[in-house]
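Have a look at entry-v9.tsv below; it lists TSV, N, CA and C atoms.
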```
chain	number	residue	atom	x	y	z
A	140	MET	N	25.57	32.20	-16.50
A	140	MET	CA	24.70	31.07	-16.23
A	140	MET	C	23.49	31.18	-17.15
A	141	SER	N	23.24	30.13	-17.90
A	141	SER	CA	22.09	30.14	-18.79
A	141	SER	C	21.01	29.23	-18.22
A	142	LEU	N	19.78	29.66	-18.38
A	142	LEU	CA	18.65	28.89	-17.90
A	142	LEU	C	17.98	28.18	-19.05
A	143	GLN	N	17.56	26.97	-18.80
A	143	GLN	CA	16.80	26.24	-19.79
A	143	GLN	C	15.37	26.73	-19.76
A	144	PRO	N	14.67	26.65	-20.88
A	144	PRO	CA	13.27	27.07	-20.88
A	144	PRO	C	12.46	26.23	-19.90
A	145	GLY	N	11.68	26.88	-19.05
A	145	GLY	CA	10.85	26.18	-18.08
A	145	GLY	C	11.58	25.80	-16.81
A	146	ALA	N	12.87	26.14	-16.69
A	146	ALA	CA	13.64	25.79	-15.50
A	146	ALA	C	13.29	26.76	-14.37
A	147	THR	N	13.32	26.28	-13.15
A	147	THR	CA	13.03	27.08	-11.98
A	147	THR	C	14.29	27.17	-11.13
A	148	LEU	N	14.59	28.36	-10.65
A	148	LEU	CA	15.77	28.55	-9.82
A	148	LEU	C	15.63	27.82	-8.50
A	149	GLY	N	16.66	27.12	-8.08
A	149	GLY	CA	16.68	26.44	-6.79
A	149	GLY	C	15.98	25.10	-6.75
A	150	VAL	N	15.41	24.67	-7.84
A	150	VAL	CA	14.71	23.39	-7.88
A	150	VAL	C	15.52	22.43	-8.74
A	151	THR	N	15.86	21.29	-8.16
A	151	THR	CA	16.63	20.30	-8.90
A	151	THR	C	15.70	19.22	-9.44
A	152	ALA	N	16.25	18.33	-10.21
A	152	ALA	CA	15.45	17.25	-10.79
A	152	ALA	C	14.97	16.26	-9.73
A	153	ASP	N	15.64	16.20	-8.57
A	153	ASP	CA	15.26	15.27	-7.51
A	153	ASP	C	14.17	15.81	-6.60
A	154	ASP	N	13.86	17.09	-6.69
A	154	ASP	CA	12.84	17.68	-5.82
A	154	ASP	C	11.45	17.26	-6.24
A	155	LEU	N	10.55	17.18	-5.26
A	155	LEU	CA	9.15	16.89	-5.52
A	155	LEU	C	8.43	18.22	-5.65
A	156	VAL	N	7.84	18.48	-6.82
A	156	VAL	CA	7.18	19.75	-7.10
A	156	VAL	C	5.68	19.50	-7.21
A	157	THR	N	4.89	20.26	-6.44
A	157	THR	CA	3.44	20.12	-6.46
A	157	THR	C	2.85	20.76	-7.70
A	158	GLY	N	1.55	20.62	-7.88
A	158	GLY	CA	0.87	21.23	-9.01
A	158	GLY	C	0.90	22.74	-8.97
A	159	GLU	N	1.10	23.31	-7.80
A	159	GLU	CA	1.19	24.76	-7.66
A	159	GLU	C	2.61	25.26	-7.81
A	160	ALA	N	3.52	24.41	-8.29
A	160	ALA	CA	4.94	24.73	-8.52
A	160	ALA	C	5.67	25.04	-7.22
A	161	VAL	N	5.34	24.33	-6.15
A	161	VAL	CA	6.02	24.49	-4.88
A	161	VAL	C	6.90	23.25	-4.68
A	162	ALA	N	8.18	23.48	-4.46
A	162	ALA	CA	9.11	22.37	-4.24
A	162	ALA	C	9.00	21.92	-2.78
A	163	LEU	N	8.73	20.64	-2.58
A	163	LEU	CA	8.59	20.09	-1.23
A	163	LEU	C	9.89	19.43	-0.80
A	164	ASP	N	10.21	19.57	0.45
A	164	ASP	CA	11.40	18.96	1.00
A	164	ASP	C	11.00	17.66	1.70
A	165	LEU	N	10.73	16.63	0.92
A	165	LEU	CA	10.33	15.34	1.45
A	165	LEU	C	11.44	14.32	1.17
A	166	PRO	N	12.11	13.86	2.21
A	166	PRO	CA	13.16	12.87	1.96
A	166	PRO	C	12.55	11.52	1.61
A	167	ALA	N	13.18	10.83	0.73
A	167	ALA	CA	12.73	9.48	0.37
A	167	ALA	C	13.08	8.52	1.51
A	168	ALA	N	12.24	7.53	1.70
A	168	ALA	CA	12.47	6.55	2.77
A	168	ALA	C	13.68	5.70	2.42
A	169	SER	N	14.43	5.35	3.45
A	169	SER	CA	15.61	4.51	3.22
A	169	SER	C	15.17	3.07	2.96
A	170	LEU	N	16.06	2.30	2.38
A	170	LEU	CA	15.77	0.91	2.08
A	170	LEU	C	15.49	0.12	3.35
A	171	GLY	N	16.23	0.38	4.42
A	171	GLY	CA	16.03	-0.32	5.68
A	171	GLY	C	14.65	-0.06	6.27
A	172	MET	N	14.20	1.19	6.22
A	172	MET	CA	12.88	1.53	6.76
A	172	MET	C	11.78	0.89	5.91
A	173	ARG	N	11.96	0.86	4.61
A	173	ARG	CA	10.97	0.22	3.74
A	173	ARG	C	10.90	-1.27	4.01
A	174	MET	N	12.06	-1.90	4.21
A	174	MET	CA	12.08	-3.33	4.49
A	174	MET	C	11.43	-3.63	5.84
A	175	LEU	N	11.73	-2.82	6.85
A	175	LEU	CA	11.11	-3.02	8.17
A	175	LEU	C	9.61	-2.85	8.09
A	176	SER	N	9.16	-1.82	7.37
A	176	SER	CA	7.73	-1.61	7.18
A	176	SER	C	7.09	-2.80	6.47
A	177	GLY	N	7.75	-3.31	5.45
A	177	GLY	CA	7.23	-4.47	4.72
A	177	GLY	C	7.19	-5.73	5.57
A	178	LEU	N	8.19	-5.91	6.41
A	178	LEU	CA	8.19	-7.09	7.29
A	178	LEU	C	7.07	-7.02	8.32
A	179	ILE	N	6.82	-5.83	8.85
A	179	ILE	CA	5.71	-5.67	9.80
A	179	ILE	C	4.39	-5.96	9.09
A	180	ASP	N	4.23	-5.41	7.88
A	180	ASP	CA	3.00	-5.67	7.12
A	180	ASP	C	2.87	-7.15	6.77
A	181	LEU	N	3.97	-7.79	6.44
A	181	LEU	CA	3.94	-9.23	6.14
A	181	LEU	C	3.48	-10.03	7.35
A	182	PHE	N	3.97	-9.66	8.52
A	182	PHE	CA	3.53	-10.34	9.75
A	182	PHE	C	2.04	-10.15	9.97
A	183	VAL	N	1.55	-8.91	9.79
A	183	VAL	CA	0.12	-8.63	9.98
A	183	VAL	C	-0.71	-9.41	8.96
A	184	ILE	N	-0.24	-9.45	7.71
A	184	ILE	CA	-0.96	-10.18	6.67
A	184	ILE	C	-1.00	-11.68	6.98
A	185	GLN	N	0.10	-12.23	7.49
A	185	GLN	CA	0.12	-13.65	7.84
A	185	GLN	C	-0.85	-13.95	8.97
A	186	MET	N	-0.92	-13.08	9.95
A	186	MET	CA	-1.86	-13.29	11.06
A	186	MET	C	-3.30	-13.18	10.55
A	187	ALA	N	-3.57	-12.18	9.73
A	187	ALA	CA	-4.91	-12.02	9.17
A	187	ALA	C	-5.27	-13.19	8.27
A	188	ALA	N	-4.30	-13.65	7.47
A	188	ALA	CA	-4.56	-14.77	6.57
A	188	ALA	C	-4.87	-16.05	7.34
A	189	SER	N	-4.14	-16.30	8.41
A	189	SER	CA	-4.42	-17.51	9.18
A	189	SER	C	-5.81	-17.44	9.81
A	190	PHE	N	-6.21	-16.28	10.29
A	190	PHE	CA	-7.54	-16.12	10.87
A	190	PHE	C	-8.63	-16.28	9.81
A	191	VAL	N	-8.47	-15.58	8.68
A	191	VAL	CA	-9.48	-15.63	7.62
A	191	VAL	C	-9.54	-17.02	6.99
A	192	MET	N	-8.42	-17.67	6.80
A	192	MET	CA	-8.41	-19.01	6.22
A	192	MET	C	-9.05	-20.03	7.16
A	193	THR	N	-8.88	-19.85	8.46
A	193	THR	CA	-9.53	-20.74	9.42
A	193	THR	C	-11.05	-20.62	9.32
A	194	ILE	N	-11.52	-19.38	9.27
A	194	ILE	CA	-12.96	-19.14	9.13
A	194	ILE	C	-13.47	-19.68	7.78
A	195	ALA	N	-12.71	-19.42	6.71
A	195	ALA	CA	-13.12	-19.87	5.38
A	195	ALA	C	-13.13	-21.39	5.29
A	196	SER	N	-12.18	-22.04	5.94
A	196	SER	CA	-12.15	-23.51	5.88
A	196	SER	C	-13.33	-24.11	6.63
A	197	MET	N	-13.81	-23.43	7.67
A	197	MET	CA	-15.00	-23.92	8.37
A	197	MET	C	-16.23	-23.89	7.45
A	198	PHE	N	-16.33	-22.83	6.65
A	198	PHE	CA	-17.44	-22.76	5.70
A	198	PHE	C	-17.24	-23.75	4.55
A	199	ALA	N	-15.99	-23.96	4.14
A	199	ALA	CA	-15.71	-24.83	3.00
A	199	ALA	C	-15.90	-26.30	3.32
A	200	LEU	N	-15.86	-26.68	4.59
A	200	LEU	CA	-16.04	-28.09	4.96
A	200	LEU	C	-17.41	-28.62	4.57
A	201	HIS	N	-18.41	-27.77	4.59
A	201	HIS	CA	-19.77	-28.21	4.32
A	201	HIS	C	-20.21	-27.91	2.90
A	202	ALA	N	-19.27	-27.63	2.02
A	202	ALA	CA	-19.61	-27.31	0.63
A	202	ALA	C	-18.91	-28.28	-0.31
A	203	ASP	N	-19.35	-28.30	-1.57
A	203	ASP	CA	-18.67	-29.16	-2.53
A	203	ASP	C	-17.33	-28.52	-2.91
A	204	ASP	N	-16.56	-29.21	-3.73
A	204	ASP	CA	-15.19	-28.78	-4.04
A	204	ASP	C	-15.12	-27.43	-4.75
A	205	ALA	N	-16.03	-27.18	-5.67
A	205	ALA	CA	-15.99	-25.91	-6.42
A	205	ALA	C	-16.30	-24.72	-5.51
A	206	VAL	N	-17.28	-24.88	-4.65
A	206	VAL	CA	-17.63	-23.80	-3.72
A	206	VAL	C	-16.51	-23.59	-2.71
A	207	ALA	N	-15.91	-24.68	-2.26
A	207	ALA	CA	-14.79	-24.57	-1.31
A	207	ALA	C	-13.61	-23.84	-1.94
A	208	ALA	N	-13.32	-24.16	-3.20
A	208	ALA	CA	-12.22	-23.46	-3.89
A	208	ALA	C	-12.54	-21.98	-4.06
A	209	GLY	N	-13.79	-21.66	-4.35
A	209	GLY	CA	-14.20	-20.26	-4.49
A	209	GLY	C	-14.09	-19.51	-3.17
A	210	ILE	N	-14.49	-20.14	-2.08
A	210	ILE	CA	-14.39	-19.52	-0.76
A	210	ILE	C	-12.93	-19.25	-0.40
A	211	MET	N	-12.07	-20.21	-0.66
A	211	MET	CA	-10.64	-20.02	-0.34
A	211	MET	C	-10.00	-18.95	-1.21
A	212	LEU	N	-10.39	-18.91	-2.49
A	212	LEU	CA	-9.86	-17.87	-3.38
A	212	LEU	C	-10.32	-16.49	-2.93
A	213	LEU	N	-11.58	-16.37	-2.58
A	213	LEU	CA	-12.12	-15.10	-2.10
A	213	LEU	C	-11.43	-14.65	-0.82
A	214	ALA	N	-11.18	-15.58	0.08
A	214	ALA	CA	-10.50	-15.26	1.33
A	214	ALA	C	-9.07	-14.80	1.07
A	215	THR	N	-8.38	-15.46	0.14
A	215	THR	CA	-7.01	-15.08	-0.19
A	215	THR	C	-6.95	-13.67	-0.79
A	216	VAL	N	-7.84	-13.38	-1.72
A	216	VAL	CA	-7.87	-12.05	-2.34
A	216	VAL	C	-8.25	-10.99	-1.31
A	217	ALA	N	-9.17	-11.33	-0.43
A	217	ALA	CA	-9.59	-10.37	0.60
A	217	ALA	C	-8.42	-9.98	1.50
A	218	VAL	N	-7.56	-10.92	1.81
A	218	VAL	CA	-6.42	-10.61	2.68
A	218	VAL	C	-5.32	-9.90	1.90
A	219	LEU	N	-4.93	-10.44	0.74
A	219	LEU	CA	-3.79	-9.89	0.01
A	219	LEU	C	-4.07	-8.55	-0.63
A	220	VAL	N	-5.29	-8.31	-1.06
A	220	VAL	CA	-5.63	-7.02	-1.69
A	220	VAL	C	-6.40	-6.14	-0.72
A	221	GLY	N	-7.30	-6.73	0.04
A	221	GLY	CA	-8.15	-5.94	0.92
A	221	GLY	C	-7.40	-5.24	2.03
A	222	TYR	N	-6.42	-5.89	2.63
A	222	TYR	CA	-5.67	-5.29	3.73
A	222	TYR	C	-4.97	-3.99	3.31
A	223	PRO	N	-4.09	-4.02	2.30
A	223	PRO	CA	-3.41	-2.77	1.97
A	223	PRO	C	-4.34	-1.70	1.41
A	224	VAL	N	-5.31	-2.10	0.59
A	224	VAL	CA	-6.21	-1.11	-0.02
A	224	VAL	C	-7.05	-0.42	1.05
A	225	THR	N	-7.61	-1.20	1.96
A	225	THR	CA	-8.45	-0.62	3.01
A	225	THR	C	-7.66	0.30	3.92
A	226	LEU	N	-6.52	-0.17	4.39
A	226	LEU	CA	-5.74	0.65	5.32
A	226	LEU	C	-5.16	1.88	4.65
A	227	GLU	N	-4.62	1.74	3.43
A	227	GLU	CA	-4.05	2.91	2.76
A	227	GLU	C	-5.12	3.93	2.42
A	228	THR	N	-6.34	3.49	2.16
A	228	THR	CA	-7.42	4.43	1.88
A	228	THR	C	-7.87	5.14	3.15
A	229	LEU	N	-8.08	4.39	4.21
A	229	LEU	CA	-8.59	4.98	5.45
A	229	LEU	C	-7.56	5.83	6.19
A	230	THR	N	-6.29	5.46	6.10
A	230	THR	CA	-5.25	6.21	6.82
A	230	THR	C	-4.44	7.11	5.90
A	231	ARG	N	-4.93	7.35	4.69
A	231	ARG	CA	-4.32	8.27	3.73
A	231	ARG	C	-2.88	7.89	3.38
A	232	GLY	N	-2.68	6.62	3.05
A	232	GLY	CA	-1.38	6.17	2.55
A	232	GLY	C	-0.53	5.40	3.53
A	233	ARG	N	-1.12	4.93	4.60
A	233	ARG	CA	-0.33	4.20	5.60
A	233	ARG	C	-0.95	2.84	5.87
A	234	THR	N	-0.08	1.89	6.19
A	234	THR	CA	-0.50	0.59	6.68
A	234	THR	C	0.05	0.45	8.09
A	235	VAL	N	-0.14	-0.69	8.72
A	235	VAL	CA	0.37	-0.87	10.08
A	235	VAL	C	1.89	-0.73	10.11
A	236	GLY	N	2.56	-1.33	9.14
A	236	GLY	CA	4.02	-1.22	9.07
A	236	GLY	C	4.48	0.20	8.82
A	237	LYS	N	3.78	0.91	7.97
A	237	LYS	CA	4.15	2.30	7.69
A	237	LYS	C	3.86	3.20	8.88
A	238	LEU	N	2.77	2.92	9.62
A	238	LEU	CA	2.49	3.68	10.84
A	238	LEU	C	3.59	3.46	11.87
A	239	ALA	N	4.07	2.22	11.99
A	239	ALA	CA	5.10	1.90	12.98
A	239	ALA	C	6.44	2.55	12.63
A	240	THR	N	6.73	2.69	11.34
A	240	THR	CA	8.02	3.26	10.94
A	240	THR	C	7.92	4.73	10.55
A	241	GLY	N	6.73	5.30	10.55
A	241	GLY	CA	6.58	6.72	10.24
A	241	GLY	C	6.62	7.04	8.76
A	242	LEU	N	6.29	6.08	7.92
A	242	LEU	CA	6.30	6.29	6.47
A	242	LEU	C	4.89	6.52	5.96
A	243	ARG	N	4.80	7.05	4.75
A	243	ARG	CA	3.50	7.24	4.11
A	243	ARG	C	3.69	7.19	2.61
A	244	THR	N	2.71	6.61	1.91
A	244	THR	CA	2.71	6.59	0.46
A	244	THR	C	2.10	7.89	-0.04
A	245	LEU	N	2.79	8.56	-0.96
A	245	LEU	CA	2.32	9.83	-1.50
A	245	LEU	C	2.17	9.73	-3.01
A	246	ARG	N	1.34	10.63	-3.56
A	246	ARG	CA	1.23	10.75	-5.01
A	246	ARG	C	2.43	11.51	-5.53
A	247	ASP	N	2.53	11.63	-6.85
A	247	ASP	CA	3.63	12.37	-7.47
A	247	ASP	C	3.67	13.83	-7.04
A	248	ASP	N	2.50	14.40	-6.76
A	248	ASP	CA	2.47	15.81	-6.38
A	248	ASP	C	2.59	16.03	-4.87
A	249	GLY	N	2.84	14.98	-4.11
A	249	GLY	CA	3.05	15.11	-2.67
A	249	GLY	C	1.80	14.95	-1.83
A	250	GLY	N	0.65	14.75	-2.44
A	250	GLY	CA	-0.60	14.57	-1.70
A	250	GLY	C	-0.80	13.13	-1.29
A	251	PRO	N	-1.73	12.90	-0.35
A	251	PRO	CA	-2.01	11.52	0.07
A	251	PRO	C	-2.75	10.76	-1.02
A	252	ILE	N	-2.57	9.45	-1.03
A	252	ILE	CA	-3.23	8.63	-2.05
A	252	ILE	C	-4.70	8.46	-1.71
A	253	THR	N	-5.49	8.18	-2.74
A	253	THR	CA	-6.92	7.96	-2.58
A	253	THR	C	-7.21	6.47	-2.83
A	254	PHE	N	-8.51	6.12	-2.82
A	254	PHE	CA	-8.89	4.72	-3.04
A	254	PHE	C	-8.39	4.22	-4.39
A	255	ARG	N	-8.50	5.03	-5.42
A	255	ARG	CA	-8.07	4.62	-6.76
A	255	ARG	C	-6.58	4.28	-6.78
A	256	HIS	N	-5.77	5.11	-6.13
A	256	HIS	CA	-4.34	4.84	-6.08
A	256	HIS	C	-4.05	3.59	-5.25
A	257	ALA	N	-4.73	3.47	-4.12
A	257	ALA	CA	-4.51	2.31	-3.25
A	257	ALA	C	-4.93	1.01	-3.94
A	258	LEU	N	-6.03	1.04	-4.68
A	258	LEU	CA	-6.48	-0.15	-5.40
A	258	LEU	C	-5.49	-0.54	-6.49
A	259	THR	N	-4.99	0.44	-7.21
A	259	THR	CA	-3.99	0.16	-8.25
A	259	THR	C	-2.73	-0.43	-7.62
A	260	ARG	N	-2.28	0.15	-6.52
A	260	ARG	CA	-1.10	-0.37	-5.83
A	260	ARG	C	-1.34	-1.80	-5.30
A	261	GLY	N	-2.54	-2.03	-4.75
A	261	GLY	CA	-2.85	-3.34	-4.19
A	261	GLY	C	-2.92	-4.42	-5.24
A	262	LEU	N	-3.53	-4.10	-6.39
A	262	LEU	CA	-3.65	-5.10	-7.47
A	262	LEU	C	-2.31	-5.39	-8.14
A	263	THR	N	-1.49	-4.36	-8.33
A	263	THR	CA	-0.18	-4.61	-8.92
A	263	THR	C	0.78	-5.22	-7.92
A	264	GLY	N	0.55	-4.96	-6.64
A	264	GLY	CA	1.41	-5.55	-5.61
A	264	GLY	C	1.29	-7.06	-5.54
A	265	VAL	N	0.11	-7.57	-5.77
A	265	VAL	CA	-0.09	-9.03	-5.76
A	265	VAL	C	0.70	-9.67	-6.89
A	266	VAL	N	0.68	-9.05	-8.06
A	266	VAL	CA	1.41	-9.59	-9.21
A	266	VAL	C	2.91	-9.37	-9.05
A	267	GLU	N	3.29	-8.20	-8.57
A	267	GLU	CA	4.70	-7.84	-8.48
A	267	GLU	C	5.42	-8.62	-7.39
A	268	VAL	N	4.82	-8.72	-6.21
A	268	VAL	CA	5.49	-9.37	-5.09
A	268	VAL	C	5.35	-10.87	-5.24
```
Render the structure in this file as structure tokens.
Amino acid sequence: MSLQPGATLGVTADDLVTGEAVALDLPAASLGMRMLSGLIDLFVIQMAASFVMTIASMFALHADDAVAAGIMLLATVAVLVGYPVTLETLTRGRTVGKLATGLRTLRDDGGPITFRHALTRGLTGVVEV
């Protein structure tokens, strides 16, 4: 048996290896669990959006068209980006859907995500989804 340079015994390409060269046994979430988590989050976002849009429309009624459009845009961004970024930052990689299904977003090294990671995920999620 020949070893490749830099290869570690017992560690495969699918294992998650931390910065300290420790292989973690973290199973990837199944597609069904991810979909269920996403559906729960979608429901929460829809409820939050309807509440925030109702409040925003009350403020927009007494403003001109440009201010009303700005208020509605701000409310939309607050819900679509603010919800996942805030929850994933405060709960170290979890949203309501992930809490319900027992999932968590992790970094490449197996650690919990921080605000920077959550913001990047939130901003790309709006474009991607």
Exercise. Could you pull out the strand (DSSP E or B) residues of region 144-263 of chain A from DSSP and send them as a PyMOL selection string?
Worked result: chain A and resi 155-156+162-163+245+251
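Rounded to one decimal, atom C of Ala214 (chain A) and atom N of Gly264 (chain A) lie 15.8 Å from each other.
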Exercise. Distance atom N of Thr240 (chain A)-atom N of Glu267 (chain A), one decimal place?
Worked result: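 Computed distance, atom N of Thr240 (chain A) to atom N of Glu267 (chain A), equals 23.0 Å.
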Please identify all polymer residues within 8 Å of region 191-205 of chain A, counting only C-alpha atoms, omitting same-chain residues fewer than 5 positions from it, and present them as a CSV table (one decimal) with N, CA and C atoms, in the frame of the given file.
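The resulting result_32.csv:
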```csv
chain,number,residue,atom,x,y,z
A,210,ILE,N,-14.5,-20.1,-2.1
A,210,ILE,CA,-14.4,-19.5,-0.8
A,210,ILE,C,-12.9,-19.2,-0.4
A,211,MET,N,-12.1,-20.2,-0.7
A,211,MET,CA,-10.6,-20.0,-0.3
A,211,MET,C,-10.0,-19.0,-1.2
A,214,ALA,N,-11.2,-15.6,0.1
A,214,ALA,CA,-10.5,-15.3,1.3
A,214,ALA,C,-9.1,-14.8,1.1
A,215,THR,N,-8.4,-15.5,0.1
A,215,THR,CA,-7.0,-15.1,-0.2
A,215,THR,C,-7.0,-13.7,-0.8
A,218,VAL,N,-7.6,-10.9,1.8
A,218,VAL,CA,-6.4,-10.6,2.7
A,218,VAL,C,-5.3,-9.9,1.9
```
Problem set entry | Distance criterion (all atoms listed in the file): nearest to Ala239 (chain A) out of A:Leu226, A:Leu175, A:Leu170, A:Leu258 |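 Selected residue with least distance to Ala239 (chain A): A:Leu175.
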Enclose the full set of atoms of region 172-180 of chain A listed in the file within a box whose edges lie along x, y and z, apply 6 Å of padding to each of the six sides, and report centre and edge lengths in Å to one decimal as AutoDock Vina command-line options.
```
--center_x 8.5 --center_y -2.8 --center_z 6.8 --size_x 23.3 --size_y 20.7 --size_z 18.1
```
Exercise. Mind pulling up the distance from CA of Leu219 (chain A) to CA of Gly261 (chain A)?
Worked result: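 Separating CA of Gly261 (chain A) from CA of Leu219 (chain A) is a distance of 7.8 Å.
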Exercise. Taking into account only C-alpha atoms, which residue in the set A:Gly236, A:Pro166, A:Gly221, A:Gly209 is nearest to Leu181 (chain A)?
Worked result: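 Nearest candidate to Leu181 (chain A) out of A:Gly236, A:Pro166, A:Gly221, A:Gly209: A:Gly236.
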For this session: Name all residues at most 8 Å from Tyr222 (chain A) (count only N, CA and C atoms; drop same-chain ones fewer than 5 positions away) and give them as a list in words.
Result: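 Using only N, CA and C atoms, the neighbours found are Ile184, Val216, Ala217, Glu227, Thr228, Thr234, Val235 and Gly261 of chain A.
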Seminar exercise, completed: Closest of A:Gln185, A:Arg173, A:Arg231, A:Leu238 to His256 (chain A), counting only C-alpha atoms, is A:Arg231
